[in-house]
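What follows is start.txt (compact mmCIF, C-alpha atoms and all ligand atoms).
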```txt
# COMPACT_ATOMS: atom_id res chain seq x y z
CA MET A 20 18.00 -67.60 37.82
CA ALA A 21 17.44 -66.42 41.39
CA ASP A 22 19.27 -68.37 44.11
CA ARG A 23 17.29 -71.49 45.00
CA ILE A 24 15.31 -71.21 48.19
CA GLU A 25 13.23 -73.75 50.06
CA THR A 26 9.57 -73.67 49.06
CA GLN A 27 6.90 -74.99 51.42
CA VAL A 28 3.71 -76.35 49.89
CA LEU A 29 0.84 -75.59 52.28
CA ARG A 30 -2.44 -77.41 51.67
CA VAL A 31 -5.51 -75.32 52.53
CA ARG A 32 -8.78 -76.98 51.54
CA ASN A 33 -10.83 -74.36 53.33
CA ILE A 34 -10.26 -71.60 55.83
CA TYR A 35 -11.92 -73.42 58.72
CA ASP A 36 -10.16 -76.79 58.67
CA ASP A 37 -6.69 -75.61 57.68
CA MET A 38 -6.12 -72.54 59.81
CA GLU A 39 -2.57 -73.52 60.71
CA PRO A 40 -1.08 -73.60 57.19
CA LEU A 41 -3.10 -70.49 56.32
CA GLN A 42 -1.68 -68.64 59.32
CA LYS A 43 1.82 -69.77 58.37
CA ALA A 44 1.37 -68.39 54.83
CA ALA A 45 0.04 -65.10 56.25
CA GLU A 46 3.06 -64.78 58.56
CA ILE A 47 5.44 -65.35 55.66
CA LEU A 48 3.69 -62.53 53.75
CA ALA A 49 3.70 -60.20 56.75
CA GLY A 50 7.42 -60.93 57.21
CA GLY A 51 8.30 -59.86 53.67
CA GLY A 52 8.21 -63.30 51.99
CA LEU A 53 6.69 -64.52 48.73
CA VAL A 54 3.61 -66.77 48.73
CA ALA A 55 1.69 -68.18 45.76
CA PHE A 56 -2.00 -68.42 46.62
CA PRO A 57 -5.30 -69.22 44.90
CA THR A 58 -7.85 -66.68 43.74
CA GLU A 59 -11.07 -67.33 41.83
CA THR A 60 -9.34 -66.30 38.57
CA VAL A 61 -5.80 -67.74 38.62
CA TYR A 62 -3.14 -68.30 41.30
CA GLY A 63 -1.30 -65.13 42.31
CA LEU A 64 2.26 -64.65 43.59
CA GLY A 65 1.85 -62.40 46.62
CA ALA A 66 4.05 -60.07 48.63
CA ASN A 67 3.39 -57.11 50.92
CA ALA A 68 2.50 -54.36 48.41
CA LEU A 69 3.98 -51.65 50.67
CA ASP A 70 7.33 -53.41 51.16
CA GLU A 71 9.64 -52.46 48.28
CA LYS A 72 12.08 -55.27 48.93
CA ALA A 73 9.36 -57.92 49.05
CA VAL A 74 7.78 -56.61 45.83
CA ALA A 75 11.17 -56.56 44.10
CA GLY A 76 11.33 -60.28 44.98
CA ILE A 77 8.20 -60.94 42.90
CA PHE A 78 9.84 -59.47 39.78
CA LYS A 79 12.96 -61.54 40.39
CA ALA A 80 11.10 -64.82 41.02
CA LYS A 81 8.94 -64.45 37.89
CA GLY A 82 11.56 -62.89 35.63
CA ARG A 83 9.05 -60.07 35.11
CA PRO A 84 9.98 -56.78 33.37
CA GLN A 85 10.27 -53.98 35.95
CA ASP A 86 7.88 -51.63 34.15
CA ASN A 87 4.95 -54.07 34.32
CA PRO A 88 2.87 -52.93 37.32
CA LEU A 89 1.26 -55.27 39.85
CA ILE A 90 -2.32 -55.54 41.07
CA VAL A 91 -2.77 -54.78 44.76
CA HIS A 92 -5.22 -57.15 46.47
CA VAL A 93 -7.36 -56.10 49.45
CA CYS A 94 -9.83 -57.97 51.62
CA ASP A 95 -12.19 -55.09 52.35
CA LEU A 96 -13.01 -51.63 51.01
CA ASP A 97 -11.42 -49.86 54.01
CA MET A 98 -7.99 -51.01 52.87
CA ILE A 99 -8.29 -48.95 49.66
CA GLY A 100 -8.46 -45.43 51.10
CA PRO A 101 -4.76 -45.12 52.02
CA LEU A 102 -3.65 -46.46 48.60
CA VAL A 103 -5.43 -43.94 46.35
CA THR A 104 -5.97 -40.18 46.08
CA GLU A 105 -9.48 -40.40 44.73
CA ILE A 106 -12.31 -42.92 44.38
CA PRO A 107 -14.46 -41.95 41.36
CA GLU A 108 -18.20 -42.47 41.54
CA ALA A 109 -18.03 -45.10 38.77
CA ALA A 110 -15.68 -47.15 40.96
CA LEU A 111 -18.21 -47.21 43.77
CA ARG A 112 -20.86 -48.48 41.40
CA LEU A 113 -18.57 -51.18 40.00
CA ALA A 114 -17.48 -52.20 43.49
CA GLY A 115 -21.13 -52.54 44.50
CA ALA A 116 -21.86 -54.76 41.51
CA PHE A 117 -18.71 -56.89 41.16
CA TRP A 118 -16.61 -56.88 44.35
CA PRO A 119 -15.52 -59.17 45.77
CA GLY A 120 -14.82 -60.73 42.37
CA PRO A 121 -12.73 -60.88 39.18
CA LEU A 122 -12.53 -57.13 38.56
CA THR A 123 -9.48 -54.86 38.91
CA MET A 124 -9.83 -51.07 38.90
CA ILE A 125 -7.11 -48.51 38.20
CA PHE A 126 -7.01 -45.47 40.51
CA PRO A 127 -4.65 -42.49 40.92
CA LYS A 128 -2.18 -43.77 43.52
CA SER A 129 -1.17 -42.22 46.83
CA GLY A 130 2.40 -41.89 48.10
CA ALA A 131 1.91 -45.02 50.22
CA VAL A 132 2.22 -47.27 47.15
CA PRO A 133 5.89 -47.76 46.22
CA GLN A 134 6.98 -47.09 42.61
CA VAL A 135 8.17 -50.68 42.27
CA THR A 136 4.59 -51.89 42.88
CA SER A 137 3.04 -49.56 40.30
CA GLY A 138 5.81 -50.08 37.74
CA GLY A 139 6.64 -46.37 38.00
CA LEU A 140 3.09 -45.32 36.98
CA PRO A 141 1.13 -42.62 38.86
CA THR A 142 -1.77 -45.09 39.14
CA VAL A 143 -2.43 -48.28 41.09
CA ALA A 144 -4.50 -51.33 40.16
CA ILE A 145 -6.70 -52.68 42.97
CA ARG A 146 -8.69 -55.89 43.26
CA PHE A 147 -10.86 -57.37 45.99
CA PRO A 148 -10.87 -61.11 45.21
CA ALA A 149 -13.81 -63.38 46.02
CA HIS A 150 -11.82 -66.54 46.86
CA MET A 151 -12.20 -67.20 50.58
CA VAL A 152 -8.62 -68.45 50.99
CA ALA A 153 -7.24 -65.31 49.32
CA ARG A 154 -9.39 -63.04 51.48
CA GLU A 155 -8.53 -64.80 54.71
CA LEU A 156 -4.83 -64.80 53.81
CA ILE A 157 -4.87 -61.02 53.23
CA ARG A 158 -6.87 -60.45 56.40
CA ARG A 159 -4.39 -62.43 58.48
CA ALA A 160 -1.33 -60.85 56.83
CA ASP A 161 -3.02 -57.49 57.54
CA VAL A 162 -1.34 -55.69 54.62
CA PRO A 163 -2.42 -55.10 50.99
CA ILE A 164 -0.94 -57.87 48.82
CA ALA A 165 0.67 -57.18 45.44
CA ALA A 166 0.17 -60.23 43.23
CA PRO A 167 0.71 -60.94 39.57
CA SER A 168 -0.25 -64.35 38.22
CA ALA A 169 2.02 -67.00 39.78
CA ASN A 170 3.68 -68.17 36.56
CA LEU A 171 7.11 -67.53 35.11
CA SER A 172 6.85 -64.39 33.00
CA GLY A 173 5.63 -65.29 29.51
CA SER A 174 4.15 -68.71 30.44
CA PRO A 175 0.45 -69.56 30.64
CA SER A 176 -1.11 -68.38 33.93
CA PRO A 177 -1.47 -71.03 36.67
CA THR A 178 -4.93 -72.37 37.49
CA THR A 179 -3.74 -75.12 39.86
CA ALA A 180 -1.11 -75.39 42.59
CA GLU A 181 0.71 -77.93 40.38
CA HIS A 182 1.21 -75.20 37.77
CA CYS A 183 2.72 -72.94 40.46
CA ILE A 184 4.95 -75.78 41.67
CA HIS A 185 6.12 -76.37 38.09
CA ASP A 186 7.07 -72.72 37.58
CA LEU A 187 8.07 -71.44 41.02
CA MET A 188 9.45 -74.29 43.15
CA GLY A 189 12.75 -73.08 44.62
CA ARG A 190 11.95 -69.46 43.78
CA VAL A 191 9.33 -68.55 46.41
CA ASP A 192 8.82 -69.16 50.13
CA ALA A 193 5.49 -70.97 49.97
CA ILE A 194 2.75 -72.19 47.66
CA VAL A 195 -0.77 -72.47 49.09
CA ASP A 196 -2.55 -75.39 47.44
CA SER A 197 -6.35 -75.03 47.34
CA GLY A 198 -7.21 -76.92 44.18
CA SER A 199 -8.19 -75.39 40.87
CA CYS A 200 -9.51 -71.91 40.10
CA GLY A 201 -13.18 -71.42 39.25
CA VAL A 202 -12.94 -68.68 36.60
CA GLY A 203 -9.68 -69.70 34.92
CA VAL A 204 -8.76 -66.40 33.23
CA GLU A 205 -7.52 -63.31 35.06
CA SER A 206 -9.57 -60.40 36.28
CA THR A 207 -10.96 -57.71 34.02
CA VAL A 208 -8.79 -54.57 34.27
CA VAL A 209 -10.75 -51.31 34.01
CA SER A 210 -9.17 -47.88 34.09
CA LEU A 211 -11.19 -45.13 35.75
CA VAL A 212 -8.57 -42.40 35.46
CA GLY A 213 -9.57 -41.15 31.98
CA GLU A 214 -12.79 -39.45 30.85
CA MET A 215 -14.46 -42.72 29.96
CA PRO A 216 -14.15 -46.06 31.78
CA ARG A 217 -11.87 -48.23 29.66
CA VAL A 218 -11.25 -51.96 29.64
CA LEU A 219 -7.50 -52.55 29.41
CA ARG A 220 -7.76 -56.32 29.77
CA PRO A 221 -10.94 -58.40 29.40
CA GLY A 222 -11.47 -61.01 32.11
CA GLY A 223 -13.87 -62.68 34.50
CA VAL A 224 -16.33 -59.75 34.55
CA THR A 225 -17.59 -59.25 31.00
CA VAL A 226 -17.74 -56.00 29.01
CA GLU A 227 -21.49 -56.59 28.70
CA GLN A 228 -21.80 -56.71 32.53
CA LEU A 229 -19.74 -53.52 32.91
CA ARG A 230 -21.97 -51.70 30.39
CA GLU A 231 -25.05 -52.77 32.30
CA VAL A 232 -23.74 -50.91 35.34
CA LEU A 233 -21.91 -47.94 33.76
CA GLY A 234 -23.59 -47.45 30.39
CA GLU A 235 -20.75 -46.49 28.06
CA VAL A 236 -17.46 -48.39 28.46
CA GLU A 237 -14.56 -48.30 25.99
CA VAL A 238 -12.49 -51.34 25.12
CA ASP A 239 -8.82 -50.53 24.55
CA PRO A 240 -7.81 -51.31 20.93
CA ALA A 241 -4.85 -53.36 22.25
CA VAL A 242 -7.30 -55.98 23.60
CA CYS A 243 -7.76 -57.59 20.18
CA ALA A 244 -4.85 -56.25 18.14
CA PRO A 245 -1.10 -55.93 18.48
CA LEU A 246 -0.01 -52.61 19.92
CA ALA A 247 0.59 -50.06 17.14
CA GLU A 248 4.29 -49.38 16.72
CA GLY A 249 5.60 -46.51 18.81
CA LYS A 250 2.45 -46.38 20.94
CA ALA A 251 2.66 -46.61 24.73
CA ALA A 252 0.60 -49.43 26.25
CA ALA A 253 -2.21 -48.27 28.55
CA SER A 254 -1.61 -51.53 30.39
CA PRO A 255 2.09 -52.39 30.17
CA GLY A 256 1.30 -56.11 30.48
CA MET A 257 -0.27 -56.03 27.03
CA LYS A 258 2.95 -55.31 25.21
CA TYR A 259 4.78 -58.47 26.26
CA LYS A 260 4.62 -61.91 24.71
CA HIS A 261 2.36 -63.74 27.02
CA TYR A 262 0.58 -66.95 27.92
CA ALA A 263 2.68 -68.79 25.37
CA PRO A 264 3.56 -72.47 25.46
CA ARG A 265 6.73 -73.56 23.68
CA ALA A 266 4.63 -74.88 20.80
CA HIS A 267 3.79 -72.64 17.86
CA VAL A 268 0.10 -71.71 18.23
CA VAL A 269 -2.07 -70.71 15.27
CA ILE A 270 -5.69 -69.60 15.71
CA LEU A 271 -8.15 -70.80 13.08
CA GLU A 272 -11.32 -68.78 12.70
CA GLY A 273 -14.22 -70.59 11.05
CA GLY A 274 -16.92 -73.25 11.42
CA ARG A 275 -16.55 -76.85 12.54
CA GLN A 276 -16.20 -78.36 9.07
CA ALA A 277 -13.71 -75.79 7.82
CA PHE A 278 -11.64 -76.26 11.01
CA ALA A 279 -11.55 -80.06 10.62
CA LYS A 280 -10.70 -79.84 6.91
CA TYR A 281 -7.80 -77.40 7.48
CA VAL A 282 -6.32 -79.29 10.44
CA ASN A 283 -6.74 -82.80 9.00
CA ALA A 284 -4.94 -81.71 5.83
CA ARG A 285 -1.91 -80.86 7.98
CA ALA A 286 -1.76 -84.07 10.06
CA GLY A 287 1.78 -85.01 10.97
CA ASP A 288 4.47 -85.18 13.63
CA GLY A 289 3.79 -82.79 16.50
CA ILE A 290 0.57 -81.39 14.99
CA TYR A 291 -2.21 -80.97 17.56
CA ALA A 292 -5.68 -79.45 17.62
CA MET A 293 -6.89 -77.39 20.55
CA CYS A 294 -10.58 -77.43 19.89
CA PHE A 295 -14.15 -77.55 21.13
CA GLU A 296 -15.66 -80.79 22.42
CA GLU A 297 -17.88 -80.92 19.34
CA ASP A 298 -14.83 -80.79 17.02
CA VAL A 299 -13.16 -83.91 18.44
CA PRO A 300 -15.05 -86.62 16.45
CA GLY A 301 -14.26 -84.94 13.12
CA LEU A 302 -10.49 -84.67 13.65
CA SER A 303 -7.80 -87.10 12.50
CA VAL A 304 -4.97 -85.35 14.41
CA PRO A 305 -4.52 -85.69 18.19
CA SER A 306 -6.76 -83.14 19.86
CA VAL A 307 -7.47 -81.67 23.28
CA SER A 308 -10.80 -79.98 23.91
CA TYR A 309 -10.72 -76.71 25.84
CA GLY A 310 -14.48 -76.57 26.36
CA GLY A 311 -17.82 -76.72 24.63
CA GLU A 312 -18.45 -74.62 21.52
CA GLY A 313 -20.12 -71.41 22.69
CA ASP A 314 -19.55 -72.38 26.36
CA ASP A 315 -17.29 -69.48 27.24
CA ALA A 316 -17.16 -70.32 30.96
CA SER A 317 -15.83 -73.83 30.34
CA GLN A 318 -13.31 -72.51 27.79
CA ALA A 319 -12.00 -69.98 30.32
CA VAL A 320 -11.62 -72.62 33.02
CA ARG A 321 -9.61 -74.96 30.79
CA LEU A 322 -7.66 -72.60 28.52
CA PHE A 323 -4.39 -72.22 30.44
CA ALA A 324 -4.20 -75.86 31.58
CA VAL A 325 -4.63 -77.00 27.97
CA LEU A 326 -1.90 -74.61 26.76
CA ARG A 327 0.44 -76.17 29.33
CA GLN A 328 -0.71 -79.67 28.37
CA MET A 329 0.33 -79.00 24.78
CA ASP A 330 3.94 -78.67 25.90
CA GLU A 331 3.70 -81.86 27.97
CA LEU A 332 2.43 -83.69 24.89
CA GLY A 333 5.38 -82.37 22.90
CA ALA A 334 3.24 -80.45 20.44
CA LYS A 335 5.17 -78.53 17.81
CA THR A 336 2.25 -76.78 16.15
CA VAL A 337 -1.13 -76.26 17.80
CA TYR A 338 -4.16 -75.27 15.72
CA ALA A 339 -6.61 -73.59 18.10
CA HIS A 340 -10.27 -73.16 17.20
CA CYS A 341 -11.15 -69.51 17.66
CA PRO A 342 -13.69 -68.81 20.44
CA ALA A 343 -16.61 -66.39 20.15
CA ARG A 344 -15.69 -62.90 21.36
CA THR A 345 -18.71 -62.41 23.60
CA GLY A 346 -18.97 -62.76 27.38
CA VAL A 347 -15.88 -64.30 28.97
CA GLY A 348 -15.05 -65.50 25.43
CA LEU A 349 -13.47 -62.09 24.80
CA ALA A 350 -10.94 -62.81 27.57
CA VAL A 351 -10.30 -66.30 26.19
CA TYR A 352 -9.72 -64.81 22.72
CA ASN A 353 -7.44 -62.09 24.13
CA ARG A 354 -5.22 -64.69 25.90
CA LEU A 355 -5.19 -67.04 22.93
CA LEU A 356 -4.20 -64.19 20.59
CA ARG A 357 -1.13 -63.52 22.71
CA ALA A 358 -0.29 -67.22 23.01
CA ALA A 359 -0.41 -67.28 19.19
CA ALA A 360 1.57 -64.03 18.84
CA PHE A 361 -1.49 -62.74 16.89
CA GLU A 362 -1.29 -65.40 14.17
CA VAL A 363 -4.89 -65.90 13.01
CA VAL A 364 -5.99 -67.72 9.84
CA ARG A 365 -9.51 -66.90 8.63
CA LEU A 366 -10.95 -70.03 7.00
O1 LIG B 1 -6.95 -62.17 38.14
C1 LIG B 1 -5.94 -61.46 38.24
O2 LIG B 1 -5.95 -60.26 37.95
C2 LIG B 1 -4.66 -62.15 38.75
C3 LIG B 1 -4.91 -62.61 40.17
C4 LIG B 1 -3.68 -63.15 40.82
O3 LIG B 1 -5.48 -61.57 40.92
N1 LIG B 1 -3.55 -61.25 38.66
C5 LIG B 1 -2.98 -60.90 37.46
O4 LIG B 1 -1.88 -60.08 37.56
O5 LIG B 1 -3.42 -61.28 36.40
P1 LIG B 1 -0.87 -59.84 36.35
O6 LIG B 1 0.24 -59.07 36.94
O7 LIG B 1 -0.54 -61.11 35.70
O8 LIG B 1 -1.64 -58.89 35.38
C6 LIG B 1 -1.89 -57.54 35.76
C7 LIG B 1 -2.23 -56.71 34.56
C8 LIG B 1 -1.02 -56.45 33.69
O9 LIG B 1 -1.41 -56.48 32.33
C9 LIG B 1 -0.59 -55.05 34.12
O10 LIG B 1 0.13 -54.37 33.13
C10 LIG B 1 -1.92 -54.41 34.42
O11 LIG B 1 -2.70 -55.43 35.00
N2 LIG B 1 -1.80 -53.30 35.38
C11 LIG B 1 -1.43 -53.36 36.67
N3 LIG B 1 -1.37 -52.14 37.22
C12 LIG B 1 -1.71 -51.26 36.25
C13 LIG B 1 -1.83 -49.83 36.18
N4 LIG B 1 -1.57 -49.06 37.23
N5 LIG B 1 -2.21 -49.29 34.99
C14 LIG B 1 -2.47 -50.08 33.92
N6 LIG B 1 -2.37 -51.42 33.92
C15 LIG B 1 -2.00 -52.00 35.07
MG MG B 2 0.07 -62.50 34.32
```

Encoded form (structure tokens):
Amino acid sequence: MADRIETQVLRVRNIYDDMEPLQKAAEILAGGGLVAFPTETVYGLGANALDEKAVAGIFKAKGRPQDNPLIVHVCDLDMIGPLVTEIPEAALRLAGAFWPGPLTMIFPKSGAVPQVTSGGLPTVAIRFPAHMVARELIRRADVPIAAPSANLSGSPSPTTAEHCIHDLMGRVDAIVDSGSCGVGVESTVVSLVGEMPRVLRPGGVTVEQLREVLGEVEVDPAVCAPLAEGKAAASPGMKYKHYAPRAHVVILEGGRQAFAKYVNARAGDGIYAMCFEEDVPGLSVPSVSYGGEGDDASQAVRLFAVLRQMDELGAKTVYAHCPARTGVGLAVYNRLLRAAAFEVVRL
């Protein structure tokens, strides 16, 4: 692992009452350091996106593969101009509808964005987050901030400062603690460099919402299926094992009764159910609910924390009840599929 460094935990409840720790975090970023900070989706691990050395530190701290590009976070639209060579009309419409918010757009990049930030790609991913602490931090640092999710590479994304502390203590300069994240799954990644807008990763802004604004929008086949062998990933992040607890996760697709019957028949040491609230009464194995059935927003908020909880409980095998693939549920399904290494049983 990287040499251990001292990590400060800076509590920022809001940007008005905790200006001092916020300013400290901004100065660390401006000085080339690494700071984990909250966004409305998940916590990010930030560094100055234009500082190659600082960005290289992110990859080292997370153990992230070098070819997996980072999202560059801005706090206003004026910050984008120098980072890209072109802003397509569709991007302006999406920005008007969903920024600030859980949407990331891919643009052709300018020479100002280092190769290490874009994972060697000719494009750059940009996001304007809604979280006030994130925005104020970027504004004070006064540089665009590259930030992947603030977890160790491969682990479930962090939705609380405790998750960041668990993964990154001793590896980063500071962790800004602002409580838990409101959306719970990462931003939607949309590429605007091809002929048709294309969703590379579903997230907080739904495909349905994107279609309302743009009309036709493609969803990359890798969103719901393993990458075909020999095919290059449109979004390099999709080719890695991801979001996975140590436990073996299996997704079960079917109704409440079929789910209970299948899981109860397998009761035993280390067997857990990760289910909907409504499933709990019918189960004879230990279970943790990750939200209400059909309540995609609550499932998204709880998903990653419950995946982490499964390891704390010592689960060996986790049977997860498959969510609906509509709304934010598509993002929940996409993350769960990767946590389960695509193991799905249709009941
Ligand atoms: O909500 C989020 O997006 C969070 C918060 C911190 O903003 N960030 C996040 O970053 O989820 P990360 O690095 O965990 O995921 C970024 C995803 C990866 O799948 C990556 O491959 C993809 O976006 N990506 C980044 N730049 C890209 C590019 N130029 N072209 C295609 N995909 C890109
Ligand atoms: Mg991530």

For atom CA of A:Ala149 and atom CA of A:Glu227, determine how far apart the two atoms are, in Å to one decimal place.
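Going from atom CA of A:Ala149 over to atom CA of A:Glu227 covers 20.1 Å.
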
Can you list, as a PyMOL selection string, every protein, DNA or RNA residue that comes within 9 Å of A:Asp196 when you count all atoms listed in the file, leaving out same-chain residues fewer than 3 positions away?
chain A and resi 28-32+55-57+179-181+199

Mind pulling up the distance from atom CA of A:Leu271 to atom O10 of ligand LIG 1 (chain B)?
27.2 Å

Show me which residues line ligand MG 2 (chain B), defined as having an atom within 7 Å of a ligand atom where all atoms listed in the file count, and present them as a list in words.
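Listed by chain and ascending number, the contacts are Pro167, Ser168 and Ser176 of chain A.
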
Residue with smallest distance to A:Leu102 - pool A:Asn87, A:Ser206, A:Ser174, A:Thr136, counting all atoms listed in the file:
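Looking at the shortest contact to A:Leu102, the residue is A:Thr136.
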
With a distance cut-off of 8 Å and only C-alpha atoms, select the neighbouring residues of A:Ala165, excluding the residue or stretch itself and same-chain residues fewer than 6 positions from it, and output the selection as a tab-separated table (two decimals) with C-alpha atoms, in the coordinates of the input.
```
chain	number	residue	atom	x	y	z
A	64	LEU	CA	2.26	-64.65	43.59
A	65	GLY	CA	1.85	-62.40	46.62
A	66	ALA	CA	4.05	-60.07	48.63
A	67	ASN	CA	3.39	-57.11	50.92
A	68	ALA	CA	2.50	-54.36	48.41
A	74	VAL	CA	7.78	-56.61	45.83
A	89	LEU	CA	1.26	-55.27	39.85
A	90	ILE	CA	-2.32	-55.54	41.07
A	91	VAL	CA	-2.77	-54.78	44.76
A	92	HIS	CA	-5.22	-57.15	46.47
A	136	THR	CA	4.59	-51.89	42.88
```

Would you compute, for all listed atoms of ligand LIG 1 (chain B), the axis-aligned bounding box grown by 6 Å on each side, and then report its centre and edge lengths in Å rounded to one decimal, as JSON?
```
{"center_x": -3.4, "center_y": -56.1, "center_z": 36.6, "size_x": 19.2, "size_y": 26.1, "size_z": 20.6}
```

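Among the candidate residues A:Thr225, A:Thr178, A:Gln134, A:Thr60, the one lying nearest to A:Phe147 is A:Thr60, with distances computed using all atoms listed in the file.
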
May I have a table of the residues of chain A lying at most 7 Å from ligand LIG 1 (chain B), giving each one's closest pair of atoms and their distance in Å to one decimal, counting all atoms listed in the file, ordered by chain and ascending residue number, as CSV?
```
residue,atom,partner,partner_atom,distance
A:Thr58,CA,B:LIG1,C3,6.2
A:Thr60,CA,B:LIG1,O1,4.8
A:Val61,CA,B:LIG1,C3,5.4
A:Tyr62,CA,B:LIG1,C4,5.2
A:Gly63,CA,B:LIG1,C4,3.4
A:Leu64,CA,B:LIG1,C4,6.7
A:Asn87,CA,B:LIG1,O10,5.0
A:Pro88,CA,B:LIG1,N3,4.3
A:Leu89,CA,B:LIG1,C11,4.6
A:Ile90,CA,B:LIG1,C11,5.0
A:Pro121,CA,B:LIG1,O1,6.0
A:Thr123,CA,B:LIG1,O2,6.5
A:Ile125,CA,B:LIG1,N4,5.7
A:Ser137,CA,B:LIG1,N4,5.6
A:Leu140,CA,B:LIG1,N4,6.0
A:Thr142,CA,B:LIG1,N4,4.4
A:Val143,CA,B:LIG1,N4,4.0
A:Ala144,CA,B:LIG1,N3,4.4
A:Arg146,CA,B:LIG1,O3,6.9
A:Pro148,CA,B:LIG1,O3,6.9
A:Ala166,CA,B:LIG1,C4,5.4
A:Pro167,CA,B:LIG1,O6,3.3
A:Ser168,CA,B:LIG1,O7,4.1
A:Ala169,CA,B:LIG1,C4,7.0
A:Val204,CA,B:LIG1,O1,6.7
A:Glu205,CA,B:LIG1,O1,3.3
A:Ser206,CA,B:LIG1,O1,3.7
A:Thr207,CA,B:LIG1,O2,6.9
A:Val208,CA,B:LIG1,O11,6.2
A:Leu219,CA,B:LIG1,N6,6.9
A:Arg220,CA,B:LIG1,O9,6.8
A:Ala253,CA,B:LIG1,C14,5.7
A:Ser254,CA,B:LIG1,N6,3.6
A:Pro255,CA,B:LIG1,O10,4.1
A:Gly256,CA,B:LIG1,O9,3.3
A:Met257,CA,B:LIG1,O9,5.4
```

Atom CA of A:Phe323 and atom CA of A:Arg354 are how many Å apart?
8.8 Å

Which residues are near A:Val325? Cut-off 7 Å, all atoms listed in the file, ignore same chain within fewer than 4 positions. Put them as a JSON list (two decimals) with C-alpha atoms, in the frame of the given file.
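Now in selection11.json:
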```json
[["chain", "number", "residue", "atom", "x", "y", "z"],
["A", 309, "TYR", "CA", -10.72, -76.71, 25.84],
["A", 321, "ARG", "CA", -9.61, -74.96, 30.79],
["A", 329, "MET", "CA", 0.33, -79.00, 24.78]]
```

A:Pro40, A:Val299, A:Tyr291, A:Ser306 ranked by distance to A:Ala334, top pick (using all atoms listed in the file)
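Using all atoms listed in the file, A:Ala334 sits closest to A:Tyr291.
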
List every protein, DNA or RNA residue that has an atom no more than 12 Å from (-18.0, -64.3, 19.1) in the file's coordinate frame, counting all atoms listed in the file, and report them as a VMD selection string.
chain A and resid 272 to 274 312 to 315 340 to 353

Suppose we keep C-alpha atoms; can you now write the selection as a CSV table (one decimal), in the frame of the given file?
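Produced file selection-v4.csv, reproduced below:
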```csv
chain,number,residue,atom,x,y,z
A,272,GLU,CA,-11.3,-68.8,12.7
A,273,GLY,CA,-14.2,-70.6,11.0
A,274,GLY,CA,-16.9,-73.2,11.4
A,312,GLU,CA,-18.4,-74.6,21.5
A,313,GLY,CA,-20.1,-71.4,22.7
A,314,ASP,CA,-19.6,-72.4,26.4
A,315,ASP,CA,-17.3,-69.5,27.2
A,340,HIS,CA,-10.3,-73.2,17.2
A,341,CYS,CA,-11.2,-69.5,17.7
A,342,PRO,CA,-13.7,-68.8,20.4
A,343,ALA,CA,-16.6,-66.4,20.2
A,344,ARG,CA,-15.7,-62.9,21.4
A,345,THR,CA,-18.7,-62.4,23.6
A,346,GLY,CA,-19.0,-62.8,27.4
A,347,VAL,CA,-15.9,-64.3,29.0
A,348,GLY,CA,-15.0,-65.5,25.4
A,349,LEU,CA,-13.5,-62.1,24.8
A,350,ALA,CA,-10.9,-62.8,27.6
A,351,VAL,CA,-10.3,-66.3,26.2
A,352,TYR,CA,-9.7,-64.8,22.7
A,353,ASN,CA,-7.4,-62.1,24.1
```

Closest of A:Arg230, A:His261, A:Arg357, A:Arg154 to A:Asp95, counting all atoms listed in the file, is A:Arg154

Nearest residue to A:Gly50 from the set A:Ala160, A:Val93, A:Val304, A:Ile184 (distances using all atoms listed in the file)
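Closest to A:Gly50, using all atoms listed in the file: A:Ala160.
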
Neighbouring residues of A:Thr26 were defined as those with any atom within 12 Å, considering only C-alpha atoms; residues of the same chain fewer than 5 positions away were excluded. Please report them as a CSV table (one decimal) with C-alpha atoms, keeping the file's coordinate frame.
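Output file part-v9.csv is given in full below:
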```
chain,number,residue,atom,x,y,z
A,44,ALA,CA,1.4,-68.4,54.8
A,47,ILE,CA,5.4,-65.4,55.7
A,52,GLY,CA,8.2,-63.3,52.0
A,53,LEU,CA,6.7,-64.5,48.7
A,54,VAL,CA,3.6,-66.8,48.7
A,55,ALA,CA,1.7,-68.2,45.8
A,183,CYS,CA,2.7,-72.9,40.5
A,184,ILE,CA,5.0,-75.8,41.7
A,185,HIS,CA,6.1,-76.4,38.1
A,186,ASP,CA,7.1,-72.7,37.6
A,187,LEU,CA,8.1,-71.4,41.0
A,188,MET,CA,9.4,-74.3,43.2
A,189,GLY,CA,12.8,-73.1,44.6
A,190,ARG,CA,12.0,-69.5,43.8
A,191,VAL,CA,9.3,-68.6,46.4
A,192,ASP,CA,8.8,-69.2,50.1
A,193,ALA,CA,5.5,-71.0,50.0
A,194,ILE,CA,2.8,-72.2,47.7
A,195,VAL,CA,-0.8,-72.5,49.1
```

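Considering all atoms listed in the file, the residue among A:Ala319, A:Ala109, A:Ala279, A:Ala266 positioned nearest to A:Glu235 is A:Ala109.
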
Env of A:Ile157: 8 Å cut, atoms = all atoms listed in the file, seq-sep filter 4 positions within chain, self excluded. Answer as a list in words.
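Neighbouring residues, sequence-local ones excluded: Ala45, His92, Val93, Cys94, Ala153, Asp161, Val162, Pro163 and Ile164 of chain A.
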